[in-house]
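Have a look at work-v1.txt below; it lists compact mmCIF, C-alpha atoms.
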```txt
# COMPACT_ATOMS: atom_id res chain seq x y z
CA MET G 1 227.75 149.40 -71.47
CA ALA G 2 224.76 151.39 -70.20
CA LYS G 3 222.56 149.64 -67.71
CA GLU G 4 219.24 148.44 -69.06
CA LEU G 5 216.14 150.17 -67.78
CA THR G 6 212.47 149.36 -67.50
CA VAL G 7 210.64 152.01 -69.52
CA ALA G 8 206.91 152.72 -69.59
CA VAL G 9 205.23 154.73 -72.34
CA VAL G 10 201.90 156.16 -71.21
CA GLY G 11 199.70 157.05 -74.15
CA ALA G 12 201.50 154.58 -76.38
CA THR G 13 198.76 154.63 -79.04
CA GLY G 14 198.82 158.41 -79.53
CA ALA G 15 200.79 160.47 -82.04
CA VAL G 16 203.49 161.50 -79.55
CA GLY G 17 203.57 158.11 -77.83
CA THR G 18 204.26 156.46 -81.17
CA LYS G 19 207.09 158.92 -81.81
CA MET G 20 208.51 158.26 -78.35
CA MET G 21 208.77 154.56 -79.15
CA GLU G 22 210.40 155.35 -82.50
CA GLN G 23 212.97 157.56 -80.78
CA LEU G 24 213.73 154.97 -78.10
CA ALA G 25 214.57 152.49 -80.86
CA LYS G 26 216.32 154.92 -83.20
CA ARG G 27 218.57 156.35 -80.48
CA LYS G 28 219.22 152.92 -78.96
CA PHE G 29 218.09 153.94 -75.49
CA PRO G 30 218.93 151.02 -73.16
CA VAL G 31 215.43 149.57 -72.82
CA GLY G 32 215.65 146.30 -70.93
CA LYS G 33 211.90 145.95 -70.49
CA LEU G 34 209.15 148.00 -72.14
CA LYS G 35 205.65 148.57 -70.80
CA LEU G 36 203.08 150.14 -73.10
CA LEU G 37 200.25 151.77 -71.18
CA ALA G 38 197.07 153.39 -72.40
CA SER G 39 193.38 153.69 -71.61
CA LYS G 40 191.24 150.70 -70.68
CA ARG G 41 189.74 150.92 -74.17
CA SER G 42 193.14 150.25 -75.80
CA ALA G 43 194.28 147.59 -73.34
CA GLY G 44 194.82 144.23 -75.00
CA ASN G 45 195.80 145.67 -78.35
CA THR G 46 199.36 145.13 -79.56
CA LEU G 47 202.18 147.34 -80.87
CA ASP G 48 205.60 146.45 -82.26
CA PHE G 49 208.87 147.78 -80.88
CA ALA G 50 212.39 146.81 -81.95
CA GLY G 51 211.19 143.66 -83.66
CA GLN G 52 208.99 142.47 -80.80
CA THR G 53 205.24 142.63 -80.26
CA TYR G 54 203.99 144.10 -77.00
CA THR G 55 200.52 143.96 -75.48
CA ILE G 56 199.15 147.28 -74.27
CA GLU G 57 198.22 147.37 -70.59
CA GLU G 58 195.75 149.65 -68.85
CA ALA G 59 197.49 152.58 -67.18
CA THR G 60 196.90 152.10 -63.45
CA PRO G 61 199.02 153.02 -60.41
CA GLU G 62 200.08 149.38 -60.01
CA ALA G 63 201.33 149.23 -63.61
CA PHE G 64 204.34 151.37 -62.61
CA GLU G 65 205.80 148.87 -60.16
CA GLY G 66 209.44 148.28 -61.14
CA VAL G 67 209.48 151.03 -63.78
CA ASP G 68 212.64 153.18 -64.00
CA VAL G 69 211.46 155.78 -66.53
CA ALA G 70 207.85 156.64 -67.33
CA LEU G 71 207.23 158.71 -70.46
CA PHE G 72 203.80 160.35 -70.23
CA SER G 73 201.87 161.66 -73.23
CA ALA G 74 198.24 160.81 -72.65
CA GLY G 75 196.78 164.18 -71.69
CA GLY G 76 196.96 166.37 -68.61
CA SER G 77 194.19 164.59 -66.70
CA VAL G 78 196.02 161.25 -66.98
CA SER G 79 199.29 162.84 -65.85
CA LYS G 80 197.61 164.49 -62.88
CA ALA G 81 196.04 161.17 -61.90
CA LEU G 82 199.04 158.89 -62.40
CA ALA G 83 202.37 160.77 -62.54
CA LYS G 84 202.74 161.07 -58.77
CA GLU G 85 201.66 157.44 -58.38
CA ALA G 86 204.43 156.41 -60.77
CA ALA G 87 206.99 158.57 -58.96
CA LYS G 88 205.86 157.15 -55.63
CA ARG G 89 206.75 153.69 -56.96
CA GLY G 90 210.27 154.78 -57.90
CA ALA G 91 209.85 155.81 -61.54
CA VAL G 92 211.27 159.02 -62.94
CA VAL G 93 208.36 160.60 -64.80
CA ILE G 94 209.01 162.67 -67.92
CA ASP G 95 205.70 164.32 -68.62
CA ASN G 96 204.81 165.73 -72.03
CA THR G 97 201.61 167.48 -70.89
CA SER G 98 201.02 170.88 -69.31
CA ALA G 99 200.05 169.32 -65.97
CA PHE G 100 203.26 170.15 -64.08
CA ARG G 101 205.09 172.66 -66.27
CA MET G 102 204.59 175.64 -64.01
CA ASP G 103 204.81 173.70 -60.74
CA PRO G 104 207.73 175.32 -58.85
CA GLU G 105 208.76 171.88 -57.55
CA VAL G 106 209.01 170.39 -61.07
CA PRO G 107 211.89 171.22 -63.42
CA LEU G 108 210.87 172.27 -66.94
CA VAL G 109 213.72 171.13 -69.15
CA VAL G 110 215.19 171.49 -72.61
CA PRO G 111 218.58 169.72 -72.36
CA GLU G 112 220.39 172.19 -74.64
CA VAL G 113 219.23 175.06 -72.41
CA ASN G 114 218.86 174.08 -68.74
CA ARG G 115 220.15 170.53 -68.35
CA ALA G 116 221.46 171.31 -64.85
CA ASP G 117 217.86 171.67 -63.62
CA LEU G 118 217.45 167.90 -63.91
CA LYS G 119 219.39 167.54 -60.66
CA GLU G 120 216.55 169.25 -58.78
CA HIS G 121 213.76 166.82 -59.65
CA ASN G 122 211.53 165.09 -57.11
CA GLY G 123 210.40 162.28 -59.39
CA ILE G 124 208.69 164.34 -62.09
CA ILE G 125 210.24 166.34 -64.95
CA ALA G 126 208.11 168.40 -67.31
CA ASN G 127 208.59 168.58 -71.06
CA PRO G 128 207.79 172.12 -72.28
CA ASN G 129 205.26 173.14 -74.88
CA CYS G 130 206.34 172.27 -78.42
CA SER G 131 206.50 175.87 -79.63
CA THR G 132 208.46 176.92 -76.54
CA ILE G 133 211.07 174.17 -76.99
CA GLN G 134 212.20 175.12 -80.47
CA MET G 135 212.28 178.82 -79.62
CA VAL G 136 214.46 178.48 -76.51
CA VAL G 137 216.84 176.07 -78.29
CA ALA G 138 217.48 178.82 -80.82
CA LEU G 139 217.53 181.73 -78.38
CA GLU G 140 219.65 180.27 -75.58
CA PRO G 141 222.95 180.71 -77.50
CA ILE G 142 221.92 184.31 -78.22
CA ARG G 143 221.14 184.88 -74.55
CA GLN G 144 224.49 183.45 -73.51
CA ALA G 145 226.46 185.51 -76.04
CA PHE G 146 224.67 188.85 -75.95
CA GLY G 147 221.96 188.78 -73.27
CA LEU G 148 218.21 188.93 -73.97
CA LYS G 149 215.88 191.78 -73.08
CA ASN G 150 212.79 191.25 -75.19
CA ILE G 151 211.17 188.47 -77.26
CA ILE G 152 208.16 188.87 -79.57
CA VAL G 153 207.08 185.68 -81.34
CA SER G 154 204.35 184.82 -83.83
CA THR G 155 203.88 181.10 -84.41
CA TYR G 156 202.61 179.18 -87.44
CA GLN G 157 201.70 175.84 -85.86
CA ALA G 158 200.89 172.57 -87.61
CA VAL G 159 197.60 170.76 -87.03
CA SER G 160 199.39 167.69 -85.64
CA GLY G 161 199.78 169.76 -82.48
CA SER G 162 196.06 169.12 -81.96
CA GLY G 163 196.33 165.38 -82.51
CA VAL G 164 195.54 162.76 -85.11
CA SER G 165 191.89 163.82 -85.38
CA ALA G 166 192.92 167.35 -86.42
CA ILE G 167 195.16 165.94 -89.15
CA GLU G 168 192.26 163.89 -90.44
CA GLU G 169 189.96 166.91 -90.35
CA LEU G 170 192.46 168.89 -92.45
CA HIS G 171 192.53 166.08 -95.02
CA GLN G 172 188.74 165.75 -95.13
CA GLN G 173 188.22 169.50 -95.43
CA SER G 174 190.77 169.71 -98.25
CA LEU G 175 188.94 166.95 -100.14
CA ALA G 176 185.59 168.64 -99.52
CA TRP G 177 186.85 171.96 -100.88
CA ASP G 178 188.28 170.27 -103.98
CA GLU G 179 185.03 168.36 -104.64
CA GLY G 180 182.76 171.32 -103.97
CA LYS G 181 181.16 169.65 -100.96
CA ASN G 182 180.13 171.09 -97.61
CA VAL G 183 183.14 171.63 -95.33
CA GLU G 184 182.56 170.34 -91.80
CA SER G 185 184.51 171.69 -88.82
CA ASN G 186 184.32 169.93 -85.47
CA ILE G 187 187.76 170.26 -83.87
CA LEU G 188 189.68 173.48 -84.55
CA PRO G 189 190.57 175.93 -83.23
CA VAL G 190 189.65 174.23 -79.94
CA LYS G 191 187.44 171.17 -79.71
CA SER G 192 185.88 172.24 -76.39
CA ASP G 193 185.19 175.83 -77.48
CA LYS G 194 181.87 177.17 -78.75
CA LYS G 195 182.70 177.61 -82.44
CA HIS G 196 184.72 175.61 -84.94
CA PHE G 197 186.21 176.85 -88.21
CA PRO G 198 187.84 175.21 -91.23
CA ILE G 199 191.63 174.90 -91.17
CA ALA G 200 191.91 173.92 -94.84
CA ARG G 201 192.54 177.08 -96.91
CA ASN G 202 192.59 179.05 -93.69
CA VAL G 203 194.65 180.17 -90.71
CA LEU G 204 193.24 180.29 -87.20
CA PRO G 205 194.56 182.97 -84.81
CA GLN G 206 193.54 180.91 -81.80
CA ILE G 207 195.29 177.95 -80.19
CA ASP G 208 193.68 176.89 -76.90
CA VAL G 209 191.02 179.04 -75.22
CA PHE G 210 191.36 182.72 -74.36
CA THR G 211 192.36 183.98 -70.93
CA GLU G 212 191.07 187.14 -69.25
CA ASN G 213 194.01 189.18 -70.55
CA GLY G 214 193.15 188.47 -74.20
CA PHE G 215 196.02 186.04 -74.75
CA THR G 216 195.28 182.34 -75.27
CA TYR G 217 196.56 179.68 -72.90
CA GLU G 218 198.98 178.56 -75.64
CA GLU G 219 200.42 182.07 -75.78
CA MET G 220 200.68 182.27 -72.01
CA LYS G 221 202.42 178.89 -71.98
CA MET G 222 205.11 180.25 -74.27
CA ILE G 223 205.49 183.39 -72.18
CA ASN G 224 205.66 181.72 -68.77
CA GLU G 225 207.61 178.63 -69.82
CA THR G 226 210.32 180.69 -71.53
CA LYS G 227 210.88 182.70 -68.37
CA LYS G 228 211.00 179.56 -66.22
CA ILE G 229 213.40 177.67 -68.50
CA MET G 230 215.73 180.66 -68.80
CA HIS G 231 215.41 181.55 -65.09
CA ASP G 232 214.56 185.15 -65.95
CA ASP G 233 211.26 186.57 -64.67
CA ALA G 234 212.27 190.04 -65.93
CA LEU G 235 212.53 188.86 -69.55
CA ALA G 236 209.83 190.51 -71.70
CA VAL G 237 208.01 187.89 -73.79
CA ALA G 238 204.93 188.31 -76.00
CA ALA G 239 203.38 185.64 -78.22
CA THR G 240 200.70 185.29 -80.89
CA CYS G 241 199.97 181.65 -81.71
CA VAL G 242 198.33 180.72 -85.01
CA ARG G 243 197.25 177.37 -86.46
CA VAL G 244 198.05 176.86 -90.16
CA PRO G 245 197.06 174.11 -92.65
CA VAL G 246 200.36 172.22 -92.34
CA VAL G 247 200.45 168.63 -91.11
CA ALA G 248 203.77 168.68 -89.23
CA GLY G 249 206.38 171.26 -88.34
CA HIS G 250 205.91 174.46 -86.37
CA SER G 251 207.32 177.74 -87.71
CA GLU G 252 208.00 180.89 -85.73
CA SER G 253 208.78 184.48 -86.65
CA VAL G 254 210.76 185.89 -83.74
CA PHE G 255 211.99 189.39 -82.89
CA VAL G 256 214.58 189.64 -80.12
CA GLU G 257 216.25 192.57 -78.47
CA VAL G 258 219.68 191.80 -77.03
CA ASP G 259 221.41 193.54 -74.12
CA LYS G 260 224.72 194.11 -75.88
CA ALA G 261 225.09 197.05 -78.25
CA GLY G 262 226.78 196.82 -81.63
CA VAL G 263 226.18 193.12 -82.32
CA THR G 264 226.48 192.39 -86.03
CA VAL G 265 224.39 189.96 -88.06
CA GLU G 266 227.54 187.90 -88.61
CA GLU G 267 228.18 187.64 -84.85
CA PHE G 268 224.54 186.77 -84.24
CA ARG G 269 224.63 184.06 -86.90
CA LYS G 270 227.93 182.67 -85.59
CA ALA G 271 226.45 182.19 -82.12
CA LEU G 272 223.69 180.09 -83.67
CA GLU G 273 226.02 178.09 -85.91
CA ASN G 274 227.97 176.92 -82.85
CA ALA G 275 224.87 176.00 -80.80
CA PRO G 276 223.87 172.40 -79.97
CA GLY G 277 220.69 171.21 -81.65
CA VAL G 278 220.60 174.13 -84.11
CA VAL G 279 221.09 174.05 -87.87
CA VAL G 280 221.40 177.41 -89.59
CA GLN G 281 219.82 177.62 -93.05
CA ASP G 282 220.33 181.24 -93.95
CA ASP G 283 221.38 181.93 -97.53
CA ILE G 284 218.84 184.26 -99.11
CA THR G 285 220.91 184.52 -102.31
CA ASN G 286 220.03 180.88 -102.95
CA GLN G 287 216.61 181.05 -101.26
CA GLN G 288 217.81 178.82 -98.43
CA TYR G 289 215.70 179.11 -95.29
CA PRO G 290 213.84 176.66 -93.02
CA MET G 291 210.48 175.23 -94.07
CA PRO G 292 208.25 172.78 -92.19
CA LEU G 293 207.94 170.46 -95.19
CA PHE G 294 211.66 169.74 -95.02
CA ALA G 295 211.92 169.80 -91.21
CA GLU G 296 209.42 166.95 -90.80
CA GLY G 297 211.18 163.86 -89.50
CA GLU G 298 214.36 165.79 -88.68
CA ASP G 299 215.84 166.20 -85.19
CA PRO G 300 217.36 169.72 -85.23
CA THR G 301 215.83 173.13 -84.80
CA PHE G 302 216.37 175.08 -88.03
CA VAL G 303 217.03 178.82 -88.08
CA GLY G 304 217.15 181.28 -90.95
CA ARG G 305 216.06 184.73 -92.24
CA ILE G 306 218.48 186.29 -89.74
CA ARG G 307 218.51 190.09 -90.07
CA LYS G 308 218.93 193.22 -87.98
CA ASP G 309 215.93 195.38 -87.21
CA LEU G 310 215.90 198.59 -89.27
CA ALA G 311 214.98 200.87 -86.36
CA ASN G 312 216.57 199.17 -83.33
CA ASP G 313 220.32 198.50 -83.32
CA ARG G 314 219.87 195.81 -80.66
CA GLY G 315 216.93 194.17 -82.43
CA PHE G 316 217.12 191.07 -84.63
CA HIS G 317 214.60 189.00 -86.57
CA LEU G 318 214.83 185.26 -87.21
CA TRP G 319 212.71 182.37 -88.50
CA ILE G 320 212.65 179.13 -86.50
CA VAL G 321 211.26 175.77 -87.68
CA ALA G 322 211.19 172.31 -86.07
CA ASP G 323 209.20 169.08 -86.16
CA ASN G 324 206.70 169.60 -83.35
CA LEU G 325 206.24 165.87 -82.74
CA LEU G 326 210.01 165.27 -82.51
CA LYS G 327 212.02 168.08 -80.92
CA GLY G 328 208.75 169.63 -79.81
CA ALA G 329 207.68 166.52 -77.92
CA ALA G 330 209.00 162.95 -78.22
CA LEU G 331 212.66 163.68 -78.99
CA ASN G 332 213.04 166.22 -76.20
CA SER G 333 211.56 163.68 -73.76
CA ILE G 334 214.08 161.02 -74.78
CA GLN G 335 216.92 163.55 -74.66
CA ILE G 336 215.93 164.32 -71.07
CA ALA G 337 216.15 160.61 -70.22
CA GLU G 338 219.51 160.34 -72.00
CA ALA G 339 220.89 163.34 -70.13
CA MET G 340 219.75 161.91 -66.80
CA LEU G 341 221.42 158.59 -67.61
CA GLU G 342 224.67 160.32 -68.62
CA ASP G 343 224.63 162.48 -65.48
CA GLY G 344 224.05 159.52 -63.15
CA LEU G 345 220.51 160.57 -62.26
CA LEU G 346 218.90 157.27 -63.30
```
Entire entry expressed as structure tokens:
Amino acid sequence: MAKELTVAVVGATGAVGTKMMEQLAKRKFPVGKLKLLASKRSAGNTLDFAGQTYTIEEATPEAFEGVDVALFSAGGSVSKALAKEAAKRGAVVIDNTSAFRMDPEVPLVVPEVNRADLKEHNGIIANPNCSTIQMVVALEPIRQAFGLKNIIVSTYQAVSGSGVSAIEELHQQSLAWDEGKNVESNILPVKSDKKHFPIARNVLPQIDVFTENGFTYEEMKMINETKKIMHDDALAVAATCVRVPVVAGHSESVFVEVDKAGVTVEEFRKALENAPGVVVQDDITNQQYPMPLFAEGEDPTFVGRIRKDLANDRGFHLWIVADNLLKGAALNSIQIAEAMLEDGLL
């Protein structure tokens, strides 16, 4: 019987925090005591977990006394303020924000890809960006079998990646369009940026703000995180990240160039079919391929539309879909905790 742990969920009232609690219960993680932490504004409210009602506490350094695992998903500023305080008090922090992802002292982990990196933690483990997670889950078996030289990815990302308010804005804009009313835009593509555009009936080729090189921070996250997770600074990665009017489920069109010559589509597909966390849906005769509508609420990363490039013998195209709030966030966090428990690191 697994030992029971004291678990804290920071950002318990948010979209990902809620999913974290669902996954803890669904996967029967050995929670002996649960602490739900959030902002001072939410403190005193209650949430249910596994048939019990819990009162939300304010997230303060002292709140982490006696905590074994702290799951953070309350924004980068909260993680920067409190993650080290939690680790100082003995908690293992699994952080779902970008605060520590590129810190050389913090492992950035997808258990199916680089589980061994968990042994190198100093109290904090970073959960990668949602779009990065599903891509590396699908590409790691390809890398292991044939080597990887080049990755070019275009994403089609759901509005839930921008939070509950973005989902609501999509709904309100859709209603406004249908009723012939004025469409208001206050959140997307980036709430803090100068301009806002409708997401209903639209696609937005901007996620996060632009950097000096013309790529957005979201695109640079995918580029840099992929190299870190795969331990390959020489790997060529390029990304274009686009927001689409879908509530949940990120999709990605990916081109990869492998090192090995002469790889067939059948060999490529076989490597994916045998990979942990991957479900291949690739039967074009019967129009079987991954779609976000059917990936919502599902744990795996789905892969389809596998085909060889027409001009490059080492080039392949594939379509990758996953629930961004599950494998892209909450589920991967819980899987990290499970792996640590199994490997004797908790």
Which neighbours of Glu252 in chain G fall inside 12 Å, counting all atoms listed in the file, when residues of the same chain fewer than 3 positions from it are skipped, and could you give them as a short mmCIF file (atom, residue, chain, number, x, y, z; two decimals) with C-alpha atoms, in the coordinates of the input?
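And here's part_28.cif as it stands now:
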```cif
data_model
loop_
_atom_site.label_atom_id
_atom_site.label_comp_id
_atom_site.auth_asym_id
_atom_site.auth_seq_id
_atom_site.Cartn_x
_atom_site.Cartn_y
_atom_site.Cartn_z
CA CYS G 130 206.34 172.27 -78.42
CA SER G 131 206.50 175.87 -79.63
CA THR G 132 208.46 176.92 -76.54
CA ILE G 133 211.07 174.17 -76.99
CA GLN G 134 212.20 175.12 -80.47
CA MET G 135 212.28 178.82 -79.62
CA VAL G 136 214.46 178.48 -76.51
CA ALA G 138 217.48 178.82 -80.82
CA ILE G 151 211.17 188.47 -77.26
CA ILE G 152 208.16 188.87 -79.57
CA VAL G 153 207.08 185.68 -81.34
CA SER G 154 204.35 184.82 -83.83
CA THR G 155 203.88 181.10 -84.41
CA TYR G 156 202.61 179.18 -87.44
CA GLN G 157 201.70 175.84 -85.86
CA ALA G 158 200.89 172.57 -87.61
CA MET G 222 205.11 180.25 -74.27
CA ALA G 239 203.38 185.64 -78.22
CA THR G 240 200.70 185.29 -80.89
CA CYS G 241 199.97 181.65 -81.71
CA VAL G 242 198.33 180.72 -85.01
CA ARG G 243 197.25 177.37 -86.46
CA VAL G 244 198.05 176.86 -90.16
CA GLY G 249 206.38 171.26 -88.34
CA PHE G 255 211.99 189.39 -82.89
CA PRO G 290 213.84 176.66 -93.02
CA MET G 291 210.48 175.23 -94.07
CA PRO G 292 208.25 172.78 -92.19
CA THR G 301 215.83 173.13 -84.80
CA PHE G 302 216.37 175.08 -88.03
CA VAL G 303 217.03 178.82 -88.08
CA GLY G 304 217.15 181.28 -90.95
CA ARG G 305 216.06 184.73 -92.24
CA HIS G 317 214.60 189.00 -86.57
CA LEU G 318 214.83 185.26 -87.21
CA TRP G 319 212.71 182.37 -88.50
CA ILE G 320 212.65 179.13 -86.50
CA VAL G 321 211.26 175.77 -87.68
CA ALA G 322 211.19 172.31 -86.07
CA ASP G 323 209.20 169.08 -86.16
CA ASN G 324 206.70 169.60 -83.35
#
```
Just checking: using only C-alpha atoms, which residue out of G:Asn213, G:Gln144, G:Asn312, G:Thr13 ends up closest to Met230 in chain G?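 When distances to Met230 in chain G are compared using only C-alpha atoms, the smallest one comes from G:Gln144.
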Determine, counting only C-alpha atoms, every residue of protein, DNA or RNA that lies within 7 Å of (200.2, 151.2, -55.7) in the file coordinates, then give the result as a PyMOL selection string. chain G and resi 61-62+85
I'd like the interatomic distance between CA of Glu266 in chain G and CA of Asn286 in chain G, to a tenth of an Å. 17.6 Å
Take CA of Asp309 in chain G and CA of Val263 in chain G and report the distance between them in Å, one decimal. 11.6 Å
In Å to one decimal, how far is CA of Gly76 in chain G from CA of Asn122 in chain G?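 Spanning CA of Asn122 in chain G to CA of Gly76 in chain G is a straight-line distance of 18.6 Å.
Considering all atoms listed in the file, the residue among G:Gln288, G:Thr55, G:Ser174, G:Ser185 positioned nearest to Pro245 in chain G is G:Ser174.
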Within 12 Å of (190.7, 147.4, -64.3) (coordinates as in the file), grab all the protein and nucleic acid residues, counting all atoms listed in the file, and write them out as an NGL selection string. :G and (38-41 or 43-44 or 57-63)
Identify, on the basis of all atoms listed in the file, every residue whose closest approach to Gly163 in chain G does not exceed 9 Å; exclude the query and any residue fewer than 2 positions from it along the same chain; express the result as a list in words. Gly14, Ala15, Val16, Val159, Ser160, Gly161, Ser165, Ala166 and Ile167 of chain G
Need the shell around Ile94 in chain G: protein/DNA/RNA residues with any atom at most 10 Å away, counting only C-alpha atoms. Skip same-chain ones fewer than 4 positions apart. Format as a list in words?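 Once the adjacent positions are removed, what remains is Val9, Val69, Ala70, Leu71, Phe72, Ser73, Ser79, Ala83, Leu108, Val109, Gly123, Ile124, Ile125, Ala126, Asn127, Asn332, Ser333, Ile334, Ile336 and Ala337 of chain G.
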How would the residues just chosen look if you wrote them out with C-alpha atoms as a PDB file, in the coordinates of the input?
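New file out-v1.pdb:
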```pdb
ATOM      1  CA  VAL G   9     205.230 154.730 -72.340  1.00  0.00           C
ATOM      2  CA  VAL G  69     211.460 155.780 -66.530  1.00  0.00           C
ATOM      3  CA  ALA G  70     207.850 156.640 -67.330  1.00  0.00           C
ATOM      4  CA  LEU G  71     207.230 158.710 -70.460  1.00  0.00           C
ATOM      5  CA  PHE G  72     203.800 160.350 -70.230  1.00  0.00           C
ATOM      6  CA  SER G  73     201.870 161.660 -73.230  1.00  0.00           C
ATOM      7  CA  SER G  79     199.290 162.840 -65.850  1.00  0.00           C
ATOM      8  CA  ALA G  83     202.370 160.770 -62.540  1.00  0.00           C
ATOM      9  CA  LEU G 108     210.870 172.270 -66.940  1.00  0.00           C
ATOM     10  CA  VAL G 109     213.720 171.130 -69.150  1.00  0.00           C
ATOM     11  CA  GLY G 123     210.400 162.280 -59.390  1.00  0.00           C
ATOM     12  CA  ILE G 124     208.690 164.340 -62.090  1.00  0.00           C
ATOM     13  CA  ILE G 125     210.240 166.340 -64.950  1.00  0.00           C
ATOM     14  CA  ALA G 126     208.110 168.400 -67.310  1.00  0.00           C
ATOM     15  CA  ASN G 127     208.590 168.580 -71.060  1.00  0.00           C
ATOM     16  CA  ASN G 332     213.040 166.220 -76.200  1.00  0.00           C
ATOM     17  CA  SER G 333     211.560 163.680 -73.760  1.00  0.00           C
ATOM     18  CA  ILE G 334     214.080 161.020 -74.780  1.00  0.00           C
ATOM     19  CA  ILE G 336     215.930 164.320 -71.070  1.00  0.00           C
ATOM     20  CA  ALA G 337     216.150 160.610 -70.220  1.00  0.00           C
TER      21      ALA G 337
END
```
Using all atoms listed in the file, which of the listed residues (G:Arg307, G:Arg201, G:His231, G:Arg89) sits closest to Gln173 in chain G?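 Nearest candidate to Gln173 in chain G out of G:Arg307, G:Arg201, G:His231, G:Arg89: G:Arg201.
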Applying 6 Å and only C-alpha atoms, which residues near range 19-36 of chain G remain after dropping the ones on its own chain fewer than 6 positions away? List them as a list in words.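 Once the adjacent positions are removed, what remains is Glu4, Leu5, Thr6, Val7, Ala8, Val9, Ala12, Ile56 and Ala330 of chain G.
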Centre and size of axis-aligned box enclosing range 262-281 of chain G plus 3 Å each side, as JSON:
```
{"center_x": 224.0, "center_y": 184.0, "center_z": -86.5, "size_x": 14.4, "size_y": 31.6, "size_z": 19.1}
```
Keeping N, CA and C atoms, write range 303-319 of chain G of the structure just shown out as a PDB file, in the first residue's frame.
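The resulting file, decode_4.pdb, is shown below:
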```
ATOM      1  N   VAL G 303      -2.445  10.605 -32.513  1.00  0.00           N
ATOM      2  CA  VAL G 303      -1.622  10.909 -33.682  1.00  0.00           C
ATOM      3  C   VAL G 303      -2.243  10.293 -34.929  1.00  0.00           C
ATOM      4  N   GLY G 304      -2.262  11.060 -36.013  1.00  0.00           N
ATOM      5  CA  GLY G 304      -2.775  10.557 -37.273  1.00  0.00           C
ATOM      6  C   GLY G 304      -2.217  11.337 -38.443  1.00  0.00           C
ATOM      7  N   ARG G 305      -2.818  11.151 -39.632  1.00  0.00           N
ATOM      8  CA  ARG G 305      -2.377  11.790 -40.886  1.00  0.00           C
ATOM      9  C   ARG G 305      -0.874  11.596 -41.100  1.00  0.00           C
ATOM     10  N   ILE G 306      -0.387  10.390 -40.828  1.00  0.00           N
ATOM     11  CA  ILE G 306       1.038  10.092 -40.966  1.00  0.00           C
ATOM     12  C   ILE G 306       1.353   9.856 -42.438  1.00  0.00           C
ATOM     13  N   ARG G 307       2.311  10.609 -42.982  1.00  0.00           N
ATOM     14  CA  ARG G 307       2.664  10.468 -44.388  1.00  0.00           C
ATOM     15  C   ARG G 307       4.079  10.966 -44.624  1.00  0.00           C
ATOM     16  N   LYS G 308       4.706  10.427 -45.666  1.00  0.00           N
ATOM     17  CA  LYS G 308       6.075  10.834 -46.004  1.00  0.00           C
ATOM     18  C   LYS G 308       6.036  12.089 -46.860  1.00  0.00           C
ATOM     19  N   ASP G 309       7.015  12.953 -46.643  1.00  0.00           N
ATOM     20  CA  ASP G 309       7.125  14.158 -47.444  1.00  0.00           C
ATOM     21  C   ASP G 309       7.410  13.782 -48.902  1.00  0.00           C
ATOM     22  N   LEU G 310       6.864  14.534 -49.835  1.00  0.00           N
ATOM     23  CA  LEU G 310       6.997  14.199 -51.249  1.00  0.00           C
ATOM     24  C   LEU G 310       8.354  14.572 -51.823  1.00  0.00           C
ATOM     25  N   ALA G 311       9.080  15.460 -51.151  1.00  0.00           N
ATOM     26  CA  ALA G 311      10.362  15.914 -51.700  1.00  0.00           C
ATOM     27  C   ALA G 311      11.567  15.488 -50.857  1.00  0.00           C
ATOM     28  N   ASN G 312      11.320  15.054 -49.624  1.00  0.00           N
ATOM     29  CA  ASN G 312      12.411  14.727 -48.706  1.00  0.00           C
ATOM     30  C   ASN G 312      12.198  13.316 -48.177  1.00  0.00           C
ATOM     31  N   ASP G 313      13.082  12.394 -48.547  1.00  0.00           N
ATOM     32  CA  ASP G 313      12.919  10.992 -48.151  1.00  0.00           C
ATOM     33  C   ASP G 313      12.967  10.809 -46.646  1.00  0.00           C
ATOM     34  N   ARG G 314      13.607  11.719 -45.938  1.00  0.00           N
ATOM     35  CA  ARG G 314      13.700  11.603 -44.480  1.00  0.00           C
ATOM     36  C   ARG G 314      12.636  12.449 -43.770  1.00  0.00           C
ATOM     37  N   GLY G 315      11.762  13.059 -44.528  1.00  0.00           N
ATOM     38  CA  GLY G 315      10.745  13.936 -43.955  1.00  0.00           C
ATOM     39  C   GLY G 315       9.395  13.258 -43.813  1.00  0.00           C
ATOM     40  N   PHE G 316       8.726  13.520 -42.682  1.00  0.00           N
ATOM     41  CA  PHE G 316       7.397  12.957 -42.423  1.00  0.00           C
ATOM     42  C   PHE G 316       6.482  14.043 -41.865  1.00  0.00           C
ATOM     43  N   HIS G 317       5.192  13.906 -42.156  1.00  0.00           N
ATOM     44  CA  HIS G 317       4.172  14.805 -41.627  1.00  0.00           C
ATOM     45  C   HIS G 317       3.238  14.007 -40.722  1.00  0.00           C
ATOM     46  N   LEU G 318       2.792  14.637 -39.645  1.00  0.00           N
ATOM     47  CA  LEU G 318       1.824  13.995 -38.750  1.00  0.00           C
ATOM     48  C   LEU G 318       0.968  15.054 -38.077  1.00  0.00           C
ATOM     49  N   TRP G 319      -0.161  14.608 -37.559  1.00  0.00           N
ATOM     50  CA  TRP G 319      -1.171  15.470 -36.918  1.00  0.00           C
ATOM     51  C   TRP G 319      -1.333  14.977 -35.490  1.00  0.00           C
TER      52      TRP G 319
END
```
